[in-house]
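Below: the structure, in structure tokens.
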Amino acid sequence: MKRLGFYAIGLVVFSYLVAGPGGAPIGAAAADDGPRSGRAKTKHPTDIFLINGKIATVDKHNSFVDAVAIRDGKILAAGGNGHVLSLARHGTEIIDLRGRTVLPGLIDGHLHGIRMGSYFCFSRSPRFDVIFSRSEGIAHVASKAAQTPAGKWLFTLAGAWNVNQLDVPGMFTRAELDSAAPSHPVYIQGTGFPGGGGQVNTPGLLALGLGAGSPGVVLGPDGQPTGQLTGAANTLAIRTIGTELGTLTLDEQDACSVDFIRELNRRGLTAWDDPGGNNPFSPTGIPDPVLRGSHGYQAINRLHREGRLNARVRFSFSCFGSIIGMPCVQENTVNAVSGIGDDLLRIGGVGEEVLTTTGGIYADPEYAAILSFLATNEWSFEHHATAPATQEAMVRSWEAVNLVAPITDLRWKMLHPGGGPAAPSADTLARLKALRAGIVPTNTNVKSSGTTDHPPYRRIYESGTRACIGTDALNVSPYPPFLNLWYVVSGKTTVPGQAGVPTDQRLTRDEALRMATERCGWFIDLPGKVGSLEPGKHADLIVLSKDYFTVPEDEIRTLTSVLTIVGGRIAWDAGVLRGDDDHRR
């Protein structure tokens, strides 16, 4: 890439545009009172120009440029410094990238994000997804405790991490959790935890009324509880946490959602497709679907309504537990229309579950009736297809309904196919392509405990079938998007020595990036509008902590963004480029 220097005329233009009379900043971020006391809607300059960078446009040529201009939320221009600076006007904020790498904002094709404001309250959930040091993990629990009212539960489900990814492997002990959170009950699950269940600290045992002799309380050699809970004790812990989360106010859900989206922005994510999902913390023990009742859309709707939604979200309705089948599908579609919304928040359709399988197959005639209902009423649909037999049967069912009510323009998607490198087969992918459907391979097994069920990313990529990588986070897998890119590129899992993606199914860094950006626009109903940094597209971009294209492979997984822009608005600023820490969210 040819680098244009910051020559004399550029210096003159830069100094004029970033400083007003007496050197005062022009176009600096300001805030006014939002529609509710205690919250503010942030204003940003109409123009933001980024110069002197290594900017990956992810256009069809994989072009790199030095500068990009943003105006009115869209990419105005991308090219050399001189060309971009010539478009500046009074009030433009110009940010010197100092050689940093810029990518389009990353997109997750399958992320359960909306429930992080309610059922999972991200603010109270320690996450060890990209923590590999035991001491750092304990410090992280302590930091969550410091931000949470005393007596409230802190909790982590198993999908976030594997206890063997730490430098000193193993679950955190009761004593370690006591030292990190002496005033909070703590419950932590982890893949690879021998004996399963969850681990609590002393306040957790007291809050649950458990002790030596209680069913499901594991005892150590000294006859005292180790903190590990199994069976009835573990069930009690999960339902107790669910009851507490059920009391969250809308303001608390709002705060949990803001915390979560801010963390996504810091990690480089600017959009996701949300399949709804279930609530495993249900006090009834039945994992009913989310996005229902008082713990549904309210928080994400409020953020959108008040101009505080800093990510693009497409969401679907799902059916789980006691609410399943055609009655659930009809209930979810009675007062809503697929595709309604705007480019920030949109109703996608129905998914991720509508029916349970029998022998791995979604049984007819009910499945056929559901598909016919959705297709006839022009609803988008995204559905699980984990086992190879499920994938093949699903495609046959989709082909059959397409003959009666075409689905080729409805954005139907197969979600996180399993079966290892042999599935989905080339034939299944070709048939999905003929239906103009999509597929979302996920990193569910990145925290591997020995499984070889890792997606065939290269076969999917080269098939020409619409595809976007996803995570299926947060309760069954890690959420950081660069951890997912690392997994796809390196083939490694978070557990040293465990098998991951086979060598012949891994992607290059360029290919993996494209499957997390440009190829994902279709999956969030924004084809041609997001995923690359080309004129006319939404200005969603991230400025990286290190260069994705050149860092040692294992450093990909811990990359973050120092500046994230969504629709031309600064959503996350680490204070590295704009000269201070005042803009941190």
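Naming works like this for the structure tokens: A, B, ... for the chains as they're shown, residue 1 at the start of each chain, ligands 1 onward in shown order.
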
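Once A:Ala237 and its same-chain neighbours fewer than 2 positions away are set aside, A:Tyr187, A:Gly198, A:Val200, A:Gly204, A:Leu208, A:Leu229, A:Ala232, A:Ala233, A:Asn234, A:Thr235, A:Arg239, A:Thr240, A:Ile241, A:Gly242 remain within 9 Å of it when counting only C-alpha atoms.
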
Convert the current residue selection to file output with N, CA and C atoms, as a CSV table (one decimal), in the first residue's frame.
```csv
chain,number,residue,atom,x,y,z
A,187,TYR,N,-21.8,-17.4,41.7
A,187,TYR,CA,-22.0,-18.7,41.1
A,187,TYR,C,-21.3,-18.8,39.8
A,198,GLY,N,-22.0,-26.2,39.4
A,198,GLY,CA,-21.4,-24.8,39.6
A,198,GLY,C,-20.6,-24.7,40.8
A,200,VAL,N,-19.7,-22.0,44.0
A,200,VAL,CA,-20.1,-20.8,44.8
A,200,VAL,C,-19.1,-20.5,45.8
A,204,GLY,N,-22.5,-17.3,48.8
A,204,GLY,CA,-23.4,-18.1,48.0
A,204,GLY,C,-24.0,-19.2,48.8
A,208,LEU,N,-28.1,-19.5,49.8
A,208,LEU,CA,-28.9,-20.6,49.4
A,208,LEU,C,-29.3,-21.5,50.6
A,229,LEU,N,-21.5,-27.3,43.6
A,229,LEU,CA,-22.8,-27.7,43.8
A,229,LEU,C,-23.2,-28.6,42.6
A,232,ALA,N,-29.5,-31.3,43.1
A,232,ALA,CA,-30.6,-30.4,43.7
A,232,ALA,C,-30.0,-29.0,44.1
A,233,ALA,N,-28.8,-29.0,44.7
A,233,ALA,CA,-28.2,-27.8,45.1
A,233,ALA,C,-27.9,-26.8,43.9
A,234,ASN,N,-27.4,-27.4,42.8
A,234,ASN,CA,-27.1,-26.6,41.6
A,234,ASN,C,-28.4,-26.1,41.0
A,235,THR,N,-29.4,-26.9,41.0
A,235,THR,CA,-30.7,-26.4,40.5
A,235,THR,C,-31.3,-25.3,41.4
A,239,ARG,N,-32.1,-21.4,40.0
A,239,ARG,CA,-33.5,-20.8,40.1
A,239,ARG,C,-33.5,-19.6,41.0
A,240,THR,N,-32.6,-19.6,42.0
A,240,THR,CA,-32.6,-18.5,42.9
A,240,THR,C,-32.0,-17.3,42.2
A,241,ILE,N,-31.0,-17.5,41.4
A,241,ILE,CA,-30.5,-16.4,40.5
A,241,ILE,C,-31.6,-15.9,39.6
A,242,GLY,N,-32.3,-16.8,39.0
A,242,GLY,CA,-33.4,-16.4,38.1
A,242,GLY,C,-34.5,-15.6,38.7
```

**Item:** Polymer residues at most 12 Å from A:Val350, only C-alpha atoms, same-chain spacing of 6 or more positions, as a PyMOL selection string
**Value:** chain A and resi 273-277+289+291+314-319+325-326+328-334+336-339+370-371+373-375+377-384+410-413

**Message:** Can you pull out the residues contacting A:Arg509? Cut-off 12 Å, using only C-alpha atoms, and skip same-chain residues under 2 positions away; I want them as a VMD selection string.
**Reply:** chain A and resid 56 58 62 482 484 to 491 506 to 507 511 to 516 547 to 553 556

File dump, residues just selected, C-alpha atoms, as a PDB file, in the first residue's frame:
```pdb
ATOM      1  CA  ALA A  56      -8.958  -2.202   5.050  1.00  0.00           C
ATOM      2  CA  VAL A  58     -12.942  -5.047   2.368  1.00  0.00           C
ATOM      3  CA  ASN A  62      -9.413  -6.080  -0.683  1.00  0.00           C
ATOM      4  CA  PHE A 482     -11.608 -11.531  17.478  1.00  0.00           C
ATOM      5  CA  ASN A 484     -13.826 -16.165  16.815  1.00  0.00           C
ATOM      6  CA  LEU A 485     -11.583 -14.887  14.001  1.00  0.00           C
ATOM      7  CA  TRP A 486      -8.561 -16.410  15.757  1.00  0.00           C
ATOM      8  CA  TYR A 487     -10.393 -19.741  15.991  1.00  0.00           C
ATOM      9  CA  VAL A 488     -11.296 -19.703  12.284  1.00  0.00           C
ATOM     10  CA  VAL A 489      -7.779 -18.685  11.195  1.00  0.00           C
ATOM     11  CA  SER A 490      -5.601 -20.682  13.600  1.00  0.00           C
ATOM     12  CA  GLY A 491      -7.895 -23.654  14.105  1.00  0.00           C
ATOM     13  CA  ARG A 506      -9.315 -22.948   8.127  1.00  0.00           C
ATOM     14  CA  LEU A 507      -9.489 -19.569   6.421  1.00  0.00           C
ATOM     15  CA  GLU A 511     -11.212 -14.622   4.170  1.00  0.00           C
ATOM     16  CA  ALA A 512     -12.196 -14.819   7.836  1.00  0.00           C
ATOM     17  CA  LEU A 513     -12.562 -11.039   7.988  1.00  0.00           C
ATOM     18  CA  ARG A 514     -14.838 -11.062   4.952  1.00  0.00           C
ATOM     19  CA  MET A 515     -17.039 -13.699   6.625  1.00  0.00           C
ATOM     20  CA  ALA A 516     -17.385 -11.378   9.622  1.00  0.00           C
ATOM     21  CA  ASP A 547      -2.682  -4.767  13.330  1.00  0.00           C
ATOM     22  CA  TYR A 548      -4.950  -7.744  12.658  1.00  0.00           C
ATOM     23  CA  PHE A 549      -3.032  -8.583   9.481  1.00  0.00           C
ATOM     24  CA  THR A 550       0.463  -8.774  10.998  1.00  0.00           C
ATOM     25  CA  VAL A 551       0.226  -9.615  14.719  1.00  0.00           C
ATOM     26  CA  PRO A 552       1.363 -13.097  15.729  1.00  0.00           C
ATOM     27  CA  GLU A 553      -1.537 -15.468  15.225  1.00  0.00           C
ATOM     28  CA  ILE A 556      -5.589 -12.036  17.188  1.00  0.00           C
TER      29      ILE A 556
END
```

**Request:** Give the strand (DSSP E or B) residues of stretch 57-213 of chain A, as DSSP finds them on the backbone, and put them as a PyMOL selection string.
**Result:** chain A and resi 64-65+67-71+74-79+93-96+101-104+106-108+111+154-156+162+186-188+191+198-200

**Item:** Picked from stretch 408-549 of chain A by DSSP as alpha helix (DSSP H), as JSON, numbers by chain
**Value:** {"A": [426, 427, 428, 429, 430, 431, 432, 433, 434, 457, 458, 459, 460, 461, 462, 463, 481, 482, 483, 484, 485, 486, 487, 488, 489, 490, 509, 510, 511, 512, 513, 514]}

**Request:** Choose the residue, out of A:Val354, A:Ile407, A:Leu577, A:Ala88, that has the smallest atom-to-atom separation from A:Asn52; count only C-alpha atoms.
**Result:**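 Closest residue, counting only C-alpha atoms: A:Leu577.
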